[in-house]
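Here's the structure, in structure tokens; my notes come after.
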Amino acid sequence: MNNRNQRYARKILIQFLVLAVAIIFVVIWQQDFLYAVYAENQVTQVGVFINGGIGVLFFGGIYQIVREFKRLESEEIALNQTLLNLENKNAALEGVSASSLIANRYETLVDLHRQHAVINHSALAATVVALESSRVSFPKFVHNVLILTGVFGTVVSLSIALLGASDVIVSTTETGGLGMIIHGMSTALSTTMTAIFAYLFFGYFYLRLMEGQTHVVSALGCST
């Protein structure tokens, strides 16, 4: 496995940290604007609940993605250590985690060789791919649902604005209806902004996670 593959997961984690710091800086820099969008003219708590729900989904998915990148980094290290052991004529799994993919693959190959069975590398590769796919089921769910939460927030917020508009139509002296219109439009803007930003940020690292899994699986296949 070359150096590029060895450091893939760590490189993405560094990108994640740099981008997270940059976003925190922008939030601090634009805190007045963000306060105006998210906190002012809030007649109801609809925006808080919807944006909070988007945040829970987003951070839950990001937590799983970071965990997976850390696991892929350990898989890269284990694979590299195994290849180094074989080159140095040492025990293949010396210093390698027993739960790693390369350890499981090596033990499977040894068992098949001991039984004089035919080694079907395609079946072994398909098993690893299926296992890796199951590990990202929650991030995949978040990736598919996240943008829909913004649409839901926009629809709900526009409904609130329409309720306010109906009050204004009924009575031209009704100021509460006008406030509800402003609140609905503000909530629609905030939920849409939150969902789009969360989707773009999450989607980028989700795709990089898919690439990371592909790198590890392909490196595992090449090494065996």
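All residue names refer to the structure tokens as shown: chains lettered A, B, ... in order, residues numbered from 1 in each chain, ligands numbered from 1 in order.
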
Taking only C-alpha atoms into account, produce a table as a tab-separated table in which each residue of region 181-213 of chain A with an atom at most 10 Å from an atom of region 63-69 of chain A appears once, together with its shortest atom pair and the distance in Å to one decimal, ordered by chain and rising number.
residue	atom	partner	partner_atom	distance
A:Phe202	CA	A:Ile65	CA	8.9
A:Phe205	CA	A:Ile65	CA	7.5
A:Tyr206	CA	A:Ile65	CA	7.0
A:Arg208	CA	A:Phe69	CA	9.4
A:Leu209	CA	A:Phe69	CA	6.9
A:Gly212	CA	A:Phe69	CA	7.7
A:Gln213	CA	A:Phe69	CA	8.9

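Using only C-alpha atoms, the contacts of region 34-40 of chain A at a cut-off of 8 Å, with sequence neighbours closer than 2 positions omitted, comprise Val27, Gln30, Gln31, Asp32, Gln42, Gly47, Ser186, Thr187, Leu189 and Ser190 of chain A.
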
Any chance you can output those residues with N, CA, C and O atoms as a short mmCIF file (atom, residue, chain, number, x, y, z; two decimals), in the first residue's frame?
data_model
loop_
_atom_site.label_atom_id
_atom_site.label_comp_id
_atom_site.auth_asym_id
_atom_site.auth_seq_id
_atom_site.Cartn_x
_atom_site.Cartn_y
_atom_site.Cartn_z
N VAL A 27 -18.66 32.12 11.82
CA VAL A 27 -19.79 32.31 12.71
C VAL A 27 -19.53 33.45 13.68
O VAL A 27 -20.41 34.30 13.93
N GLN A 30 -19.65 36.76 11.71
CA GLN A 30 -20.98 37.16 11.26
C GLN A 30 -22.05 36.90 12.32
O GLN A 30 -23.21 36.65 11.99
N GLN A 31 -21.69 37.01 13.58
CA GLN A 31 -22.63 36.69 14.64
C GLN A 31 -23.83 37.64 14.68
O GLN A 31 -24.95 37.20 15.00
N ASP A 32 -23.65 38.88 14.34
CA ASP A 32 -24.78 39.82 14.32
C ASP A 32 -25.80 39.43 13.25
O ASP A 32 -27.02 39.45 13.50
N GLN A 42 -38.89 36.16 16.32
CA GLN A 42 -39.33 34.78 16.53
C GLN A 42 -40.58 34.78 17.42
O GLN A 42 -40.50 34.80 18.64
N GLY A 47 -38.98 27.63 14.50
CA GLY A 47 -37.64 27.67 13.94
C GLY A 47 -36.62 26.99 14.82
O GLY A 47 -35.71 26.30 14.33
N SER A 186 -38.82 34.75 8.16
CA SER A 186 -37.53 34.63 8.82
C SER A 186 -37.21 33.18 9.13
O SER A 186 -36.08 32.72 8.94
N THR A 187 -38.21 32.43 9.60
CA THR A 187 -38.00 31.02 9.91
C THR A 187 -37.72 30.22 8.65
O THR A 187 -36.87 29.32 8.65
N LEU A 189 -36.24 31.30 5.98
CA LEU A 189 -34.86 31.60 5.60
C LEU A 189 -33.87 30.83 6.47
O LEU A 189 -32.92 30.22 5.96
N SER A 190 -34.08 30.84 7.79
CA SER A 190 -33.12 30.21 8.69
C SER A 190 -33.08 28.70 8.51
O SER A 190 -32.00 28.10 8.48
#

- [ ] Pull the alpha helix (DSSP H) assignments for region 7-194 of chain A out of DSSP run on the backbone, and list those residues as a ChimeraX atom specification.
- [x] /A:8-29,31-38,46-87,101-114,121-135,137-170,175-194

Emit the selected residues as a short mmCIF file (atom, residue, chain, number, x, y, z; two decimals), in the first residue's frame, including C-alpha atoms.
data_model
loop_
_atom_site.label_atom_id
_atom_site.label_comp_id
_atom_site.auth_asym_id
_atom_site.auth_seq_id
_atom_site.Cartn_x
_atom_site.Cartn_y
_atom_site.Cartn_z
CA TYR A 8 -5.87 9.06 3.19
CA ALA A 9 -8.05 8.95 6.31
CA ARG A 10 -5.73 11.21 8.28
CA LYS A 11 -5.65 13.71 5.41
CA ILE A 12 -9.45 13.93 5.39
CA LEU A 13 -9.57 14.31 9.17
CA ILE A 14 -7.14 17.24 8.90
CA GLN A 15 -9.36 18.79 6.22
CA PHE A 16 -12.33 18.35 8.55
CA LEU A 17 -10.58 20.12 11.42
CA VAL A 18 -9.40 23.00 9.22
CA LEU A 19 -12.86 23.50 7.73
CA ALA A 20 -14.51 23.30 11.16
CA VAL A 21 -12.17 25.99 12.51
CA ALA A 22 -12.86 28.17 9.46
CA ILE A 23 -16.62 27.82 9.99
CA ILE A 24 -16.31 28.75 13.66
CA PHE A 25 -14.35 31.83 12.64
CA VAL A 26 -17.05 32.83 10.11
CA VAL A 27 -19.79 32.31 12.71
CA ILE A 28 -17.99 34.59 15.17
CA TRP A 29 -17.35 37.14 12.43
CA GLN A 31 -22.63 36.69 14.64
CA ASP A 32 -24.78 39.82 14.32
CA PHE A 33 -26.20 38.69 10.99
CA LEU A 34 -26.79 35.16 12.26
CA TYR A 35 -28.50 36.51 15.37
CA ALA A 36 -30.81 38.60 13.20
CA VAL A 37 -31.71 35.57 11.08
CA TYR A 38 -32.08 32.98 13.82
CA VAL A 46 -40.99 26.50 15.29
CA GLY A 47 -37.64 27.67 13.94
CA VAL A 48 -35.83 26.55 17.07
CA PHE A 49 -37.31 23.06 16.88
CA ILE A 50 -36.69 22.58 13.16
CA ASN A 51 -33.15 23.99 13.23
CA GLY A 52 -32.50 21.96 16.37
CA GLY A 53 -33.68 18.80 14.63
CA ILE A 54 -31.42 19.54 11.66
CA GLY A 55 -28.53 20.09 14.07
CA VAL A 56 -29.15 16.79 15.88
CA LEU A 57 -29.18 14.88 12.59
CA PHE A 58 -26.12 16.74 11.32
CA PHE A 59 -23.93 16.31 14.40
CA GLY A 60 -25.05 12.71 14.87
CA GLY A 61 -24.03 11.91 11.31
CA ILE A 62 -20.76 13.84 11.61
CA TYR A 63 -19.90 11.91 14.77
CA GLN A 64 -20.37 8.63 12.92
CA ILE A 65 -18.31 9.86 9.97
CA VAL A 66 -15.41 10.91 12.20
CA ARG A 67 -15.54 7.54 13.95
CA GLU A 68 -15.42 5.77 10.60
CA PHE A 69 -12.45 7.83 9.44
CA LYS A 70 -10.60 6.96 12.65
CA ARG A 71 -11.39 3.28 12.06
CA LEU A 72 -10.21 3.49 8.43
CA GLU A 73 -6.99 5.08 9.65
CA SER A 74 -6.43 2.14 12.00
CA GLU A 75 -7.21 -0.26 9.13
CA GLU A 76 -4.58 1.44 6.98
CA ILE A 77 -2.03 1.17 9.79
CA ALA A 78 -2.87 -2.51 10.36
CA LEU A 79 -2.56 -3.30 6.65
CA ASN A 80 0.75 -1.50 6.39
CA GLN A 81 2.07 -3.29 9.50
CA THR A 82 1.07 -6.68 8.10
CA LEU A 83 2.86 -6.04 4.81
CA LEU A 84 5.92 -4.83 6.72
CA ASN A 85 5.90 -7.99 8.84
CA LEU A 86 5.77 -10.17 5.74
CA GLU A 87 8.63 -8.27 4.14
CA LEU A 101 -9.89 -6.38 8.20
CA ILE A 102 -6.44 -7.60 7.21
CA ALA A 103 -6.25 -9.88 10.26
CA ASN A 104 -9.63 -11.41 9.46
CA ARG A 105 -8.68 -11.81 5.80
CA TYR A 106 -5.32 -13.38 6.64
CA GLU A 107 -6.85 -15.86 9.10
CA THR A 108 -9.54 -16.76 6.56
CA LEU A 109 -6.92 -17.45 3.90
CA VAL A 110 -4.89 -19.56 6.31
CA ASP A 111 -7.96 -21.61 7.24
CA LEU A 112 -8.90 -22.14 3.59
CA HIS A 113 -5.34 -23.13 2.73
CA ARG A 114 -5.26 -25.59 5.64
CA HIS A 121 -11.30 -13.82 -3.84
CA SER A 122 -14.44 -12.36 -5.41
CA ALA A 123 -16.60 -13.79 -2.64
CA LEU A 124 -14.18 -12.53 0.03
CA ALA A 125 -14.17 -9.05 -1.53
CA ALA A 126 -17.98 -9.01 -1.72
CA THR A 127 -18.16 -9.92 1.97
CA VAL A 128 -15.89 -7.01 2.90
CA VAL A 129 -17.86 -4.58 0.73
CA ALA A 130 -21.12 -5.66 2.36
CA LEU A 131 -19.59 -5.26 5.82
CA GLU A 132 -18.27 -1.79 5.01
CA SER A 133 -21.65 -0.73 3.60
CA SER A 134 -23.40 -1.75 6.80
CA ARG A 135 -21.09 0.48 8.83
CA SER A 137 -26.08 3.04 7.21
CA PHE A 138 -26.78 5.95 9.59
CA PRO A 139 -24.60 8.50 7.69
CA LYS A 140 -26.32 7.35 4.50
CA PHE A 141 -29.71 7.96 6.11
CA VAL A 142 -28.66 11.44 7.27
CA HIS A 143 -27.28 12.26 3.82
CA ASN A 144 -30.57 11.31 2.17
CA VAL A 145 -32.83 13.04 4.71
CA LEU A 146 -30.91 16.19 5.59
CA ILE A 147 -31.94 18.34 2.64
CA LEU A 148 -35.59 17.29 3.09
CA THR A 149 -35.59 18.81 6.57
CA GLY A 150 -34.93 22.22 5.00
CA VAL A 151 -37.83 21.74 2.61
CA PHE A 152 -40.04 20.73 5.55
CA GLY A 153 -38.96 23.82 7.51
CA THR A 154 -39.67 26.07 4.53
CA VAL A 155 -43.15 24.64 4.03
CA VAL A 156 -44.03 24.94 7.72
CA SER A 157 -42.66 28.48 7.89
CA LEU A 158 -44.53 29.63 4.79
CA SER A 159 -47.69 28.13 6.28
CA ILE A 160 -47.15 30.29 9.36
CA ALA A 161 -46.66 33.32 7.13
CA LEU A 162 -49.90 32.56 5.29
CA LEU A 163 -51.75 32.37 8.60
CA GLY A 164 -50.42 35.81 9.43
CA ALA A 165 -51.43 37.09 6.00
CA SER A 166 -54.97 35.85 6.51
CA ASP A 167 -55.17 37.81 9.77
CA VAL A 168 -54.01 40.96 7.98
CA ILE A 169 -56.64 40.47 5.29
CA VAL A 170 -59.40 40.02 7.86
CA THR A 175 -50.52 43.93 13.92
CA GLY A 176 -50.08 40.36 15.15
CA GLY A 177 -50.72 39.04 11.66
CA LEU A 178 -47.95 41.20 10.23
CA GLY A 179 -45.57 39.95 12.91
CA MET A 180 -46.51 36.37 12.06
CA ILE A 181 -45.71 37.01 8.40
CA ILE A 182 -42.29 38.37 9.27
CA HIS A 183 -41.71 35.46 11.65
CA GLY A 184 -42.71 32.91 9.01
CA MET A 185 -40.43 34.37 6.35
CA SER A 186 -37.53 34.63 8.82
CA THR A 187 -38.00 31.02 9.91
CA ALA A 188 -38.17 29.86 6.30
CA LEU A 189 -34.86 31.60 5.60
CA SER A 190 -33.12 30.21 8.69
CA THR A 191 -34.25 26.61 8.21
CA THR A 192 -33.34 26.68 4.52
CA MET A 193 -29.90 28.13 5.27
CA THR A 194 -29.26 25.57 8.00
#
